[in-house]
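Listing of structure_0.cif, mmCIF, C-alpha atoms
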```
data_my_file
loop_
_atom_site.label_atom_id
_atom_site.label_comp_id
_atom_site.auth_asym_id
_atom_site.auth_seq_id
_atom_site.Cartn_x
_atom_site.Cartn_y
_atom_site.Cartn_z
CA MET B 20 136.51 91.67 121.58
CA THR B 21 135.44 92.39 125.16
CA PHE B 22 131.79 93.29 125.70
CA THR B 23 130.42 95.30 128.60
CA ARG B 24 126.86 96.41 129.18
CA ARG B 25 127.78 100.03 128.35
CA SER B 26 129.76 99.21 125.20
CA LEU B 27 127.09 96.79 124.01
CA LEU B 28 124.31 99.36 124.32
CA GLY B 29 126.50 101.74 122.36
CA ARG B 30 127.07 99.15 119.63
CA SER B 31 123.43 98.54 118.76
CA ALA B 32 124.43 97.89 115.14
CA LEU B 33 125.30 94.39 116.30
CA LEU B 34 121.59 93.76 116.72
CA VAL B 35 120.40 95.05 113.36
CA ALA B 36 120.60 91.71 111.57
CA ALA B 37 118.46 90.12 114.26
CA GLY B 38 115.46 91.57 112.44
CA LEU B 39 113.44 92.73 115.43
CA THR B 40 111.96 96.20 115.23
CA ALA B 41 110.77 97.98 118.35
CA PRO B 42 107.03 98.63 118.39
CA SER B 43 105.63 102.09 118.29
CA PHE B 44 105.16 102.86 121.97
CA ILE B 45 108.61 102.07 123.31
CA ALA B 46 108.10 103.36 126.83
CA ARG B 47 104.92 101.39 127.39
CA THR B 48 106.48 98.32 125.85
CA ALA B 49 109.47 98.56 128.13
CA LEU B 50 107.23 98.81 131.18
CA ALA B 51 105.20 95.81 130.09
CA LEU B 52 108.27 93.71 129.36
CA ASN B 53 109.61 94.51 132.82
CA GLY B 54 106.41 93.18 134.36
CA GLU B 55 104.99 96.61 135.20
CA THR B 56 101.58 97.75 134.13
CA ALA B 57 101.04 99.47 130.80
CA GLY B 58 97.37 99.93 131.48
CA ASP B 59 94.58 97.79 132.83
CA GLN B 60 94.30 95.68 129.73
CA VAL B 61 92.43 92.43 130.18
CA PRO B 62 93.30 89.69 127.68
CA ALA B 63 90.53 89.18 125.15
CA THR B 64 89.02 85.74 124.91
CA VAL B 65 89.99 83.80 121.81
CA ASP B 66 87.70 81.04 120.56
CA PRO B 67 89.69 77.90 121.48
CA THR B 68 88.60 76.16 118.28
CA ARG B 69 90.52 78.82 116.34
CA GLY B 70 93.51 79.12 118.63
CA LYS B 71 95.92 77.73 116.04
CA LYS B 72 94.54 79.39 112.93
CA ILE B 73 97.02 81.23 110.72
CA LEU B 74 96.65 84.32 108.56
CA VAL B 75 98.91 85.26 105.64
CA ALA B 76 98.33 88.83 104.47
CA VAL B 77 99.44 89.36 100.86
CA GLN B 78 100.11 93.03 100.15
CA LEU B 79 99.99 94.19 96.52
CA THR B 80 102.00 97.38 96.86
CA GLY B 81 101.47 100.37 94.59
CA GLY B 82 97.73 100.29 94.02
CA ASN B 83 96.59 97.32 91.97
CA ASP B 84 94.15 97.97 89.12
CA GLY B 85 91.10 96.02 90.22
CA LEU B 86 89.24 96.52 86.95
CA ASN B 87 91.84 94.51 85.06
CA THR B 88 92.15 91.95 87.86
CA LEU B 89 88.48 91.09 88.32
CA ILE B 90 87.08 92.20 84.99
CA PRO B 91 83.44 93.32 84.48
CA PHE B 92 83.46 92.26 80.84
CA ALA B 93 79.66 92.36 80.51
CA ASP B 94 79.58 96.07 81.37
CA PRO B 95 79.98 98.05 78.11
CA GLY B 96 81.60 100.87 80.05
CA TYR B 97 84.68 98.72 80.62
CA TYR B 98 85.61 98.74 76.92
CA GLN B 99 84.50 102.35 76.45
CA PHE B 100 86.76 103.68 79.20
CA ARG B 101 89.76 101.52 78.25
CA SER B 102 90.38 101.59 74.54
CA SER B 103 93.84 99.98 74.73
CA LEU B 104 94.01 98.61 78.28
CA ALA B 105 90.86 96.47 78.23
CA ILE B 106 91.48 92.72 78.22
CA PRO B 107 89.88 91.07 75.17
CA THR B 108 86.79 89.12 76.15
CA SER B 109 88.19 85.97 74.56
CA ASP B 110 91.22 86.05 76.91
CA ILE B 111 89.34 86.57 80.17
CA LEU B 112 88.98 83.64 82.58
CA PRO B 113 85.21 83.74 83.21
CA LEU B 114 83.80 83.22 86.70
CA THR B 115 80.22 84.14 85.82
CA ASP B 116 78.53 85.49 82.72
CA SER B 117 79.54 89.02 83.71
CA VAL B 118 82.93 88.97 85.50
CA GLY B 119 86.16 87.08 85.08
CA LEU B 120 89.83 87.04 86.01
CA HIS B 121 92.86 88.41 84.20
CA PRO B 122 94.28 85.73 81.87
CA ARG B 123 97.54 85.55 83.86
CA LEU B 124 95.65 84.44 86.98
CA THR B 125 95.24 80.84 85.84
CA GLY B 126 96.62 79.54 89.13
CA LEU B 127 94.10 81.56 91.11
CA LYS B 128 91.34 80.43 88.77
CA GLY B 129 92.32 76.82 89.50
CA LEU B 130 91.94 77.45 93.23
CA TYR B 131 88.62 79.19 92.57
CA ASP B 132 87.37 76.14 90.67
CA GLN B 133 88.33 73.99 93.68
CA GLY B 134 86.11 76.12 95.93
CA MET B 135 89.04 77.74 97.73
CA VAL B 136 88.64 81.41 96.77
CA ALA B 137 86.19 84.00 98.05
CA ILE B 138 86.22 87.32 96.19
CA VAL B 139 84.85 90.44 97.85
CA GLN B 140 83.97 92.97 95.15
CA GLY B 141 84.19 96.74 95.43
CA VAL B 142 86.13 97.07 98.70
CA GLY B 143 87.16 100.48 100.00
CA TYR B 144 86.35 103.02 102.71
CA PRO B 145 84.61 106.41 103.00
CA ASN B 146 86.40 109.52 101.70
CA PRO B 147 89.22 107.52 100.10
CA ASN B 148 92.73 108.89 100.16
CA ARG B 149 94.81 108.62 96.97
CA SER B 150 98.23 109.06 98.58
CA HIS B 151 100.25 105.84 98.61
CA PHE B 152 101.61 106.51 102.07
CA ARG B 153 98.41 107.60 103.75
CA SER B 154 96.14 105.05 102.10
CA MET B 155 98.48 102.16 102.93
CA ASP B 156 98.66 103.51 106.46
CA ILE B 157 94.86 103.39 106.59
CA TRP B 158 94.80 99.76 105.47
CA HIS B 159 97.55 98.88 107.97
CA THR B 160 95.94 100.63 110.94
CA ALA B 161 92.27 100.17 109.98
CA ARG B 162 91.70 103.75 111.13
CA PRO B 163 90.77 106.09 108.25
CA ASP B 164 89.56 108.71 110.72
CA ILE B 165 92.74 109.35 112.73
CA MET B 166 96.52 109.04 112.53
CA GLU B 167 96.96 105.79 114.43
CA ARG B 168 100.38 104.44 115.44
CA SER B 169 99.44 100.81 116.04
CA GLY B 170 98.56 98.32 113.32
CA TRP B 171 95.40 96.24 113.28
CA LEU B 172 97.27 92.94 113.61
CA GLY B 173 99.50 94.42 116.29
CA ARG B 174 96.38 95.37 118.24
CA TYR B 175 95.09 91.82 117.74
CA LEU B 176 98.27 90.42 119.30
CA ASP B 177 98.04 92.87 122.18
CA ALA B 178 94.33 92.21 122.72
CA CYS B 179 94.59 88.43 122.90
CA GLN B 180 98.02 88.61 124.55
CA CYS B 181 98.77 85.45 122.60
CA GLY B 182 102.22 86.67 121.60
CA GLN B 183 103.52 87.86 124.95
CA ASN B 184 105.36 84.67 125.80
CA GLN B 185 106.19 83.67 122.23
CA LEU B 186 109.54 84.26 120.60
CA LEU B 187 107.89 84.51 117.19
CA PRO B 188 104.20 85.43 117.55
CA ALA B 189 104.14 86.72 113.97
CA VAL B 190 106.59 87.24 111.12
CA SER B 191 106.81 90.21 108.77
CA VAL B 192 108.63 88.90 105.70
CA GLY B 193 111.10 91.48 104.41
CA ASP B 194 113.77 93.90 105.57
CA GLN B 195 111.37 96.21 107.41
CA LEU B 196 108.56 95.51 109.83
CA ASN B 197 105.18 95.92 108.16
CA SER B 198 103.35 98.58 110.16
CA MET B 199 100.23 96.42 110.42
CA PHE B 200 102.21 94.67 113.21
CA TYR B 201 103.05 97.82 115.18
CA ALA B 202 101.94 97.11 118.74
CA ASP B 203 102.10 98.33 122.31
CA THR B 204 103.51 95.25 124.00
CA THR B 205 104.23 92.62 121.35
CA LEU B 206 107.55 92.31 119.53
CA VAL B 207 107.32 91.06 115.94
CA PRO B 208 110.41 90.27 113.84
CA ALA B 209 111.01 91.36 110.28
CA VAL B 210 112.73 88.45 108.56
CA ALA B 211 114.19 88.87 105.09
CA SER B 212 115.48 85.30 105.03
CA ILE B 213 115.86 82.54 107.58
CA GLY B 214 119.60 82.39 107.01
CA ALA B 215 119.97 86.12 107.69
CA PHE B 216 117.80 86.04 110.83
CA SER B 217 120.75 85.78 113.19
CA LEU B 218 123.10 87.98 115.11
CA GLN B 219 126.07 89.19 113.08
CA THR B 220 129.35 89.83 114.91
CA ASP B 221 132.65 91.12 113.60
CA SER B 222 134.29 87.70 113.80
CA GLY B 223 134.30 85.26 110.90
CA ASP B 224 135.62 82.45 113.06
CA ARG B 225 132.80 80.13 114.13
CA ASN B 226 134.13 79.48 117.65
CA SER B 227 134.83 83.18 118.26
CA ARG B 228 131.38 84.07 116.95
CA GLN B 229 129.69 81.59 119.28
CA LEU B 230 131.71 82.96 122.21
CA GLN B 231 130.65 86.53 121.37
CA ILE B 232 127.00 85.53 121.11
CA GLN B 233 127.16 83.71 124.45
CA THR B 234 128.73 86.84 125.94
CA LEU B 235 125.78 88.86 124.64
CA ARG B 236 123.38 86.43 126.27
CA ASN B 237 125.21 86.72 129.58
CA ILE B 238 125.14 90.52 129.48
CA TYR B 239 121.46 90.75 128.63
CA ASN B 240 120.56 88.17 131.27
CA GLN B 241 122.14 90.28 133.99
CA ALA B 242 119.77 91.10 136.79
CA GLY B 243 119.31 94.67 137.89
CA ASN B 244 117.33 97.85 137.50
CA TRP B 245 117.44 98.47 133.74
CA PRO B 246 116.18 101.88 132.60
CA ALA B 247 113.15 101.71 130.33
CA HIS B 248 115.05 102.42 127.10
CA GLU B 249 117.64 99.76 127.98
CA ALA B 250 114.95 97.27 129.02
CA ILE B 251 113.37 97.29 125.58
CA MET B 252 116.77 96.68 123.94
CA ARG B 253 117.56 93.95 126.45
CA GLN B 254 114.34 92.05 125.90
CA THR B 255 114.52 92.61 122.15
CA ALA B 256 118.03 91.20 122.04
CA LEU B 257 117.14 88.13 124.08
CA LYS B 258 114.10 87.44 121.93
CA ALA B 259 116.14 87.91 118.79
CA LEU B 260 118.83 85.50 119.91
CA ASP B 261 116.41 82.83 121.09
CA GLY B 262 114.01 83.33 118.19
CA ALA B 263 116.76 83.03 115.60
CA ASP B 264 117.96 79.79 117.15
CA GLN B 265 114.44 78.39 117.35
CA LEU B 266 113.63 79.37 113.79
CA ARG B 267 116.76 77.82 112.30
CA GLN B 268 116.34 74.60 114.26
CA ALA B 269 112.64 74.25 113.46
CA THR B 270 112.95 74.93 109.76
CA SER B 271 116.05 72.86 109.15
CA ALA B 272 113.84 69.77 108.84
CA TYR B 273 111.61 71.34 106.16
CA HIS B 274 111.55 69.16 103.06
CA SER B 275 108.91 69.81 100.43
CA GLN B 276 108.17 68.09 97.15
CA VAL B 277 106.49 71.22 95.82
CA GLU B 278 108.33 73.09 93.09
CA TYR B 279 107.81 76.78 93.64
CA PRO B 280 108.08 78.96 90.52
CA GLN B 281 111.56 80.37 89.95
CA ASN B 282 112.37 84.08 89.62
CA ASN B 283 109.19 84.85 91.53
CA ALA B 284 109.71 87.10 94.54
CA LEU B 285 106.31 86.37 96.05
CA ALA B 286 106.77 82.61 95.67
CA ALA B 287 110.09 82.82 97.52
CA GLN B 288 108.43 84.70 100.38
CA LEU B 289 105.57 82.23 100.59
CA GLN B 290 107.97 79.30 100.59
CA MET B 291 109.72 80.83 103.60
CA VAL B 292 106.34 81.21 105.30
CA ALA B 293 105.69 77.53 104.56
CA GLN B 294 109.02 76.64 106.19
CA ILE B 295 108.13 78.56 109.33
CA ILE B 296 104.64 77.05 109.50
CA ALA B 297 106.11 73.56 109.09
CA GLY B 298 108.51 74.29 111.95
CA ASN B 299 105.64 74.87 114.42
CA VAL B 300 107.38 77.78 116.13
CA GLY B 301 104.07 79.35 117.13
CA ALA B 302 103.82 82.14 114.55
CA ARG B 303 100.21 82.65 113.49
CA LEU B 304 100.36 85.89 111.51
CA PHE B 305 102.47 86.58 108.43
CA SER B 306 102.78 89.38 105.91
CA VAL B 307 104.32 89.13 102.43
CA GLN B 308 104.27 91.63 99.60
CA LEU B 309 104.49 91.96 95.85
CA SER B 310 105.50 95.44 94.67
CA GLY B 311 105.25 97.33 91.39
CA PHE B 312 101.52 97.96 90.94
CA ASP B 313 101.79 101.75 90.52
CA THR B 314 101.04 101.52 86.79
CA HIS B 315 100.75 105.13 85.60
CA ALA B 316 102.27 104.22 82.22
CA ALA B 317 102.53 101.11 80.02
CA GLN B 318 100.32 99.18 82.39
CA PHE B 319 99.28 96.30 80.15
CA ASP B 320 102.43 94.17 80.36
CA GLN B 321 103.60 95.39 83.76
CA GLN B 322 100.43 94.40 85.57
CA ALA B 323 100.15 91.18 83.58
CA ASN B 324 103.61 90.09 84.75
CA LEU B 325 102.82 90.91 88.37
CA LEU B 326 99.48 89.10 88.30
CA GLY B 327 101.29 86.17 86.72
CA GLU B 328 103.63 86.05 89.74
CA LEU B 329 100.65 86.18 92.08
CA GLY B 330 98.70 83.53 90.17
CA ASP B 331 101.70 81.18 90.00
CA ALA B 332 102.83 81.58 93.62
CA LEU B 333 99.51 80.98 95.36
CA PRO B 334 98.78 77.41 94.18
CA ALA B 335 102.34 76.30 94.99
CA PHE B 336 101.93 77.58 98.54
CA VAL B 337 98.51 75.97 98.90
CA GLN B 338 99.90 72.66 97.66
CA ASP B 339 102.76 72.90 100.16
CA LEU B 340 100.33 73.54 103.03
CA ALA B 341 98.24 70.54 101.97
CA GLY B 342 101.31 68.33 101.91
CA MET B 343 102.22 69.21 105.49
CA GLY B 344 98.62 68.84 106.72
CA LYS B 345 98.24 72.56 107.54
CA LEU B 346 95.88 73.70 104.80
CA ASP B 347 92.79 73.77 107.01
CA ASP B 348 94.53 76.11 109.45
CA VAL B 349 95.67 78.78 107.00
CA THR B 350 93.81 81.61 105.28
CA LEU B 351 95.37 84.09 102.84
CA MET B 352 94.02 87.58 102.24
CA THR B 353 95.12 89.98 99.49
CA PHE B 354 94.87 93.76 99.62
CA SER B 355 96.29 96.88 97.98
CA GLU B 356 96.24 100.50 99.15
CA PHE B 357 93.73 101.50 96.46
CA GLY B 358 92.45 100.58 93.02
CA ARG B 359 92.97 102.63 89.85
CA ARG B 360 90.90 105.13 87.89
CA VAL B 361 88.23 103.71 85.61
CA ALA B 362 89.45 105.59 82.54
CA GLN B 363 92.93 104.98 81.24
CA ASN B 364 95.28 107.98 80.99
CA GLY B 365 97.27 109.31 78.05
CA SER B 366 100.27 107.10 78.88
CA ASN B 367 98.41 103.82 78.48
CA GLY B 368 98.25 103.50 82.24
CA THR B 369 95.86 104.31 85.05
CA ASP B 370 96.05 106.81 87.90
CA HIS B 371 95.19 106.37 91.57
CA GLY B 372 91.58 105.34 92.13
CA THR B 373 89.36 103.76 94.72
CA ALA B 374 87.55 100.43 95.09
CA GLU B 375 89.24 97.09 94.51
CA PRO B 376 88.54 93.36 94.91
CA MET B 377 89.97 91.39 97.82
CA PHE B 378 90.74 87.68 97.56
CA VAL B 379 90.38 85.41 100.60
CA ILE B 380 91.89 82.00 99.97
CA GLY B 381 91.80 78.72 101.88
CA SER B 382 89.97 75.47 102.41
CA ASN B 383 87.66 77.10 104.96
CA VAL B 384 86.31 79.96 102.82
CA THR B 385 82.80 80.43 101.53
CA PRO B 386 83.74 80.38 97.86
CA GLY B 387 82.48 82.60 95.09
CA LEU B 388 81.69 86.26 94.65
CA HIS B 389 80.60 88.40 97.59
CA ALA B 390 78.92 91.82 97.48
CA SER B 391 78.24 93.57 94.17
CA TYR B 392 80.57 94.87 91.52
CA PRO B 393 80.57 98.70 91.51
CA SER B 394 78.67 100.15 88.57
CA LEU B 395 80.66 101.74 85.77
CA GLN B 396 77.54 103.75 84.93
CA ASP B 397 77.38 105.42 88.37
CA LEU B 398 80.84 106.81 89.13
CA ASP B 399 81.66 109.35 91.80
CA ASP B 400 82.47 113.00 91.07
CA ASN B 401 86.10 112.10 90.33
CA GLY B 402 85.15 109.43 87.83
CA ASP B 403 86.02 106.63 90.23
CA LEU B 404 84.19 103.53 91.39
CA ARG B 405 81.92 103.83 94.40
CA PHE B 406 82.96 101.27 96.99
CA GLY B 407 80.29 98.95 98.34
CA THR B 408 82.06 97.06 101.16
CA ASP B 409 84.21 98.62 103.85
CA PHE B 410 87.53 96.81 104.17
CA ARG B 411 86.99 96.66 107.93
CA ASN B 412 84.05 94.31 107.32
CA VAL B 413 86.55 91.94 105.70
CA TYR B 414 89.00 92.40 108.56
CA ALA B 415 86.15 91.67 110.97
CA ALA B 416 85.58 88.34 109.22
CA ILE B 417 89.26 87.46 109.54
CA LEU B 418 89.35 88.42 113.21
CA HIS B 419 86.06 86.86 114.30
CA ASP B 420 85.46 83.94 111.97
CA HIS B 421 89.05 82.85 111.39
CA LEU B 422 91.17 84.01 114.34
CA GLY B 423 88.32 83.77 116.84
CA LEU B 424 88.49 87.23 118.45
CA ASP B 425 85.89 89.94 118.92
CA PRO B 426 86.87 92.47 116.23
CA ALA B 427 85.30 95.54 117.85
CA PRO B 428 88.20 96.51 120.16
CA VAL B 429 90.75 95.93 117.40
CA LEU B 430 88.81 97.89 114.76
CA ALA B 431 87.57 100.56 117.18
CA GLY B 432 83.97 99.98 116.10
CA VAL B 433 81.40 97.37 115.17
CA TYR B 434 81.67 96.00 111.63
CA ASP B 435 79.59 93.06 110.52
CA PRO B 436 81.86 90.34 109.11
CA VAL B 437 81.52 89.59 105.41
CA ARG B 438 80.68 85.90 105.37
CA VAL B 439 83.80 84.76 103.56
CA ILE B 440 84.83 82.24 106.24
CA ARG B 441 82.82 79.14 107.05
CA VAL B 442 82.08 78.88 110.76
#
```

What would you get if you wrote out this structure as structure tokens?
Amino acid sequence: MTFTRRSLLGRSALLVAAGLTAPSFIARTALALNGETAGDQVPATVDPTRGKKILVAVQLTGGNDGLNTLIPFADPGYYQFRSSLAIPTSDILPLTDSVGLHPRLTGLKGLYDQGMVAIVQGVGYPNPNRSHFRSMDIWHTARPDIMERSGWLGRYLDACQCGQNQLLPAVSVGDQLNSMFYADTTLVPAVASIGAFSLQTDSGDRNSRQLQIQTLRNIYNQAGNWPAHEAIMRQTALKALDGADQLRQATSAYHSQVEYPQNNALAAQLQMVAQIIAGNVGARLFSVQLSGFDTHAAQFDQQANLLGELGDALPAFVQDLAGMGKLDDVTLMTFSEFGRRVAQNGSNGTDHGTAEPMFVIGSNVTPGLHASYPSLQDLDDNGDLRFGTDFRNVYAAILHDHLGLDPAPVLAGVYDPVRVIRV
């Protein structure tokens, strides 16, 4: 096949498997990538002692039921509101004399006992939205007040400009880019698997395929006045080609003695993150997700199985990080778009609710319970929990105390960090 610049731009499907998704503001990105100004943005100063810290955001998609995750077993309202969904007291993994973990979270409980888990109770935001799409958008953008196109971690990358010259500044694990990475000037790849993060051509012959890929490189390296829409494709393609090569080379030497749990989607994602971290390709931000938490009916077993996946995957990943000497650099943070209603419904499930616990995991956390558990005796007008901690206070802790950046510009306001990270 003969490639020309015109035919290549018309055959953009060739680039799909490269996994790079254009950020939200394509015109501004194209200008920035061509060396022109996209605004008078001054790079934010990052604390040099935290310049290599890594964040792994664990998304529990669907709205995880916080009441059956971190269980207020000493509150009589818990058993009154949940006649068939309440976890028997004898099965709960106690953390204190009033709250404990779901019995399938034994792996998380083990990390908690090692002083590696901080739990922020009752996290939410004012005027909570119960739409999956909008509420997840709020958590991704950290802007409940407006419809924002950039994600909070995308704005972090733009603010510190620490990803501008990196092929892989961050990695969104999965087929689609997590919108928390949407940015003005930073390109973040969505990687479903390391083996698939490569350019696919229509030739099965290895030599022909290499020749086609080299032809693509030559075309996209051509000098000249590229229009803005072509410039973004050009730079995206070059980053995809180089990033795929770098990722495969760096991770080919990954050898771990850790046995990750089988048939566990989250464990597989975290193992891939471990491979990338071990390869030292420069990626500092990762997102993974576990789906299925929209438990309107027959919640008991469904949520138990999902929490079992979470509880089994986390300690394997932590053990892997320890083995490669990276544990002190990495912090994990869990979140879901909302919690569930306090009272169970008529289908032995729970409907969309409000406040939820967040888990922050790592060797550098201030372990234990933070903030107060929302009262089951003082519910809001909809019968939901009243949140006590704004999720942006948790994000502020991640940004300031872990990643070493002033959170105010990223979060569009001043939020005191919850002291979940030791500094």

For the structure provided, state which residues fall under the PyMOL selection byres ((chain B and resi 418) around 10), and present them as number ranges by chain.
-> B: 65, 74, 171-172, 175, 412-417, 419-427, 429-430, 436

Hits from the PyMOL selection byres ((chain B and resi 307) around 6), listed as JSON, numbers by chain = {"B": [77, 192, 306, 308]}

Just the residues within 8 Å of B:Asp84, please, counting all atoms listed in the file, with nothing from its chain fewer than 6 positions along; format it as a PyMOL selection string.
-> chain B and resi 312+358-360+369+375

Which is closest to B:Glu278 among B:Leu104, B:Ala302, B:Gln338, B:Gln265, if we use all atoms listed in the file?
->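 Of B:Leu104, B:Ala302, B:Gln338, B:Gln265, the one nearest B:Glu278 is B:Gln338, counting all atoms listed in the file.
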
Any chance you could resolve the PyMOL selection byres ((chain B and resi 334) around 10) against this file and give the residues as a list in words?
->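 In the shown coordinates, the PyMOL selection byres ((chain B and resi 334) around 10) covers Thr125, Gly126, Leu127, Lys128, Gly129, Leu130, Tyr279, Ala286, Leu329, Gly330, Asp331, Ala332, Leu333, Ala335, Phe336, Val337, Gln338, Asp339 and Leu340 of chain B.
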
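The gap separating atom CA of B:Thr408 from atom CA of B:Arg441 is 18.9 Å, in Å to one decimal.
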
Which polymer residues, protein or nucleic acid, are no farther than 12 Å from (87.7, 76.3, 89.3), counting all atoms listed in the file, as a list in words?
->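 Checking each residue against the 12 Å limit leaves Leu112, Pro113, Leu114, Thr115, Gly119, Leu120, Leu124, Thr125, Gly126, Leu127, Lys128, Gly129, Leu130, Tyr131, Asp132, Gln133, Gly134, Met135, Val136, Ala137, Pro386 and Gly387 of chain B.
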
Could those residues be written to a file, using C-alpha atoms, as a short mmCIF file (atom, residue, chain, number, x, y, z; two decimals), keeping the file's coordinate frame?
```
data_model
loop_
_atom_site.label_atom_id
_atom_site.label_comp_id
_atom_site.auth_asym_id
_atom_site.auth_seq_id
_atom_site.Cartn_x
_atom_site.Cartn_y
_atom_site.Cartn_z
CA LEU B 112 88.98 83.64 82.58
CA PRO B 113 85.21 83.74 83.21
CA LEU B 114 83.80 83.22 86.70
CA THR B 115 80.22 84.14 85.82
CA GLY B 119 86.16 87.08 85.08
CA LEU B 120 89.83 87.04 86.01
CA LEU B 124 95.65 84.44 86.98
CA THR B 125 95.24 80.84 85.84
CA GLY B 126 96.62 79.54 89.13
CA LEU B 127 94.10 81.56 91.11
CA LYS B 128 91.34 80.43 88.77
CA GLY B 129 92.32 76.82 89.50
CA LEU B 130 91.94 77.45 93.23
CA TYR B 131 88.62 79.19 92.57
CA ASP B 132 87.37 76.14 90.67
CA GLN B 133 88.33 73.99 93.68
CA GLY B 134 86.11 76.12 95.93
CA MET B 135 89.04 77.74 97.73
CA VAL B 136 88.64 81.41 96.77
CA ALA B 137 86.19 84.00 98.05
CA PRO B 386 83.74 80.38 97.86
CA GLY B 387 82.48 82.60 95.09
#
```

Of the candidates B:Phe319, B:Tyr201, B:Tyr392, B:Phe378, which one gets nearest to B:Pro107 if we count all atoms listed in the file?
->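 Among the listed residues, B:Phe319 lies closest to B:Pro107.
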
Around the point (93.8, 108.2, 92.0), in the coordinates given by the file, pick out the residues reaching within 10 Å, counting all atoms listed in the file, and return them as a ChimeraX atom specification.
-> /B:82,147-151,315,357-361,369-373,401-403

Identify, on the basis of all atoms listed in the file, every residue whose closest approach to stretch 194-197 of chain B does not exceed 9 Å; exclude the query and any residue fewer than 2 positions from it along the same chain; express the result as a PDB file with C-alpha atoms, in the frame of the given file.
```pdb
ATOM      1  CA  GLY B  38     115.460  91.570 112.440  1.00  0.00           C
ATOM      2  CA  LEU B  39     113.440  92.730 115.430  1.00  0.00           C
ATOM      3  CA  THR B  40     111.960  96.200 115.230  1.00  0.00           C
ATOM      4  CA  HIS B 159      97.550  98.880 107.970  1.00  0.00           C
ATOM      5  CA  GLY B 170      98.560  98.320 113.320  1.00  0.00           C
ATOM      6  CA  VAL B 190     106.590  87.240 111.120  1.00  0.00           C
ATOM      7  CA  SER B 191     106.810  90.210 108.770  1.00  0.00           C
ATOM      8  CA  VAL B 192     108.630  88.900 105.700  1.00  0.00           C
ATOM      9  CA  MET B 199     100.230  96.420 110.420  1.00  0.00           C
ATOM     10  CA  PHE B 200     102.210  94.670 113.210  1.00  0.00           C
ATOM     11  CA  TYR B 201     103.050  97.820 115.180  1.00  0.00           C
ATOM     12  CA  VAL B 207     107.320  91.060 115.940  1.00  0.00           C
ATOM     13  CA  PRO B 208     110.410  90.270 113.840  1.00  0.00           C
ATOM     14  CA  ALA B 209     111.010  91.360 110.280  1.00  0.00           C
ATOM     15  CA  VAL B 210     112.730  88.450 108.560  1.00  0.00           C
ATOM     16  CA  ALA B 211     114.190  88.870 105.090  1.00  0.00           C
ATOM     17  CA  SER B 212     115.480  85.300 105.030  1.00  0.00           C
ATOM     18  CA  SER B 306     102.780  89.380 105.910  1.00  0.00           C
ATOM     19  CA  VAL B 307     104.320  89.130 102.430  1.00  0.00           C
TER      20      VAL B 307
END
```

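The interatomic distance for the pair atom CA of B:Ala189 and atom CA of B:Phe305 works out to 5.8 Å.
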
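With distances restricted to only C-alpha atoms, B:Pro393 is the closest residue to B:Gly143 from B:Pro393, B:Pro122, B:Gly342, B:Gly432.
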
By how many Å are atom CA of B:Arg101 and atom CA of B:Gln140 apart?
->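 Here the two named atoms are 19.8 Å from each other.
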
Do you know which residues are at most 7 Å from B:Val142 counting all atoms listed in the file, after dropping those on the same chain fewer than 6 positions away, and could you put them as a ChimeraX atom specification?
-> /B:374-377,406-410

Would you export the selected residues with C-alpha atoms as a PDB file, in the coordinates of the input, please?
```
ATOM      1  CA  ALA B 374      87.550 100.430  95.090  1.00  0.00           C
ATOM      2  CA  GLU B 375      89.240  97.090  94.510  1.00  0.00           C
ATOM      3  CA  PRO B 376      88.540  93.360  94.910  1.00  0.00           C
ATOM      4  CA  MET B 377      89.970  91.390  97.820  1.00  0.00           C
ATOM      5  CA  PHE B 406      82.960 101.270  96.990  1.00  0.00           C
ATOM      6  CA  GLY B 407      80.290  98.950  98.340  1.00  0.00           C
ATOM      7  CA  THR B 408      82.060  97.060 101.160  1.00  0.00           C
ATOM      8  CA  ASP B 409      84.210  98.620 103.850  1.00  0.00           C
ATOM      9  CA  PHE B 410      87.530  96.810 104.170  1.00  0.00           C
TER      10      PHE B 410
END
```

For B:Ser103, list every protein, DNA or RNA residue within 10 Å, evaluated using only C-alpha atoms, and leave out those in the same chain fewer than 6 positions away; present the list as a PyMOL selection string.
-> chain B and resi 319+363+367-368

Best match for closeness to B:Phe92 among B:Asp116, B:Asp400, B:Asp348, B:Asp164, counting only C-alpha atoms |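 Result for the nearest residue to B:Phe92: B:Asp116.
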
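Nearest to B:Asn87 of all the residues B:Asp320, B:Asp435, B:Glu167, B:Asp347 is B:Asp320, counting only C-alpha atoms.
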
Output stretch 77-81 of chain B with N, CA and C atoms present, as a compact mmCIF listing (two decimals), keeping the file's coordinate frame.
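Okay, this is what ended up in part-v9.txt:
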```txt
# COMPACT_ATOMS: atom_id res chain seq x y z
N VAL B 77 98.68 89.16 102.09
CA VAL B 77 99.44 89.36 100.86
C VAL B 77 99.21 90.79 100.39
N GLN B 78 100.23 91.61 100.50
CA GLN B 78 100.11 93.03 100.15
C GLN B 78 100.57 93.26 98.72
N LEU B 79 99.68 93.84 97.91
CA LEU B 79 99.99 94.19 96.52
C LEU B 79 100.30 95.68 96.51
N THR B 80 101.58 96.02 96.59
CA THR B 80 102.00 97.38 96.86
C THR B 80 102.03 98.23 95.59
N GLY B 81 101.46 99.42 95.70
CA GLY B 81 101.47 100.37 94.59
C GLY B 81 100.10 100.75 94.09
```
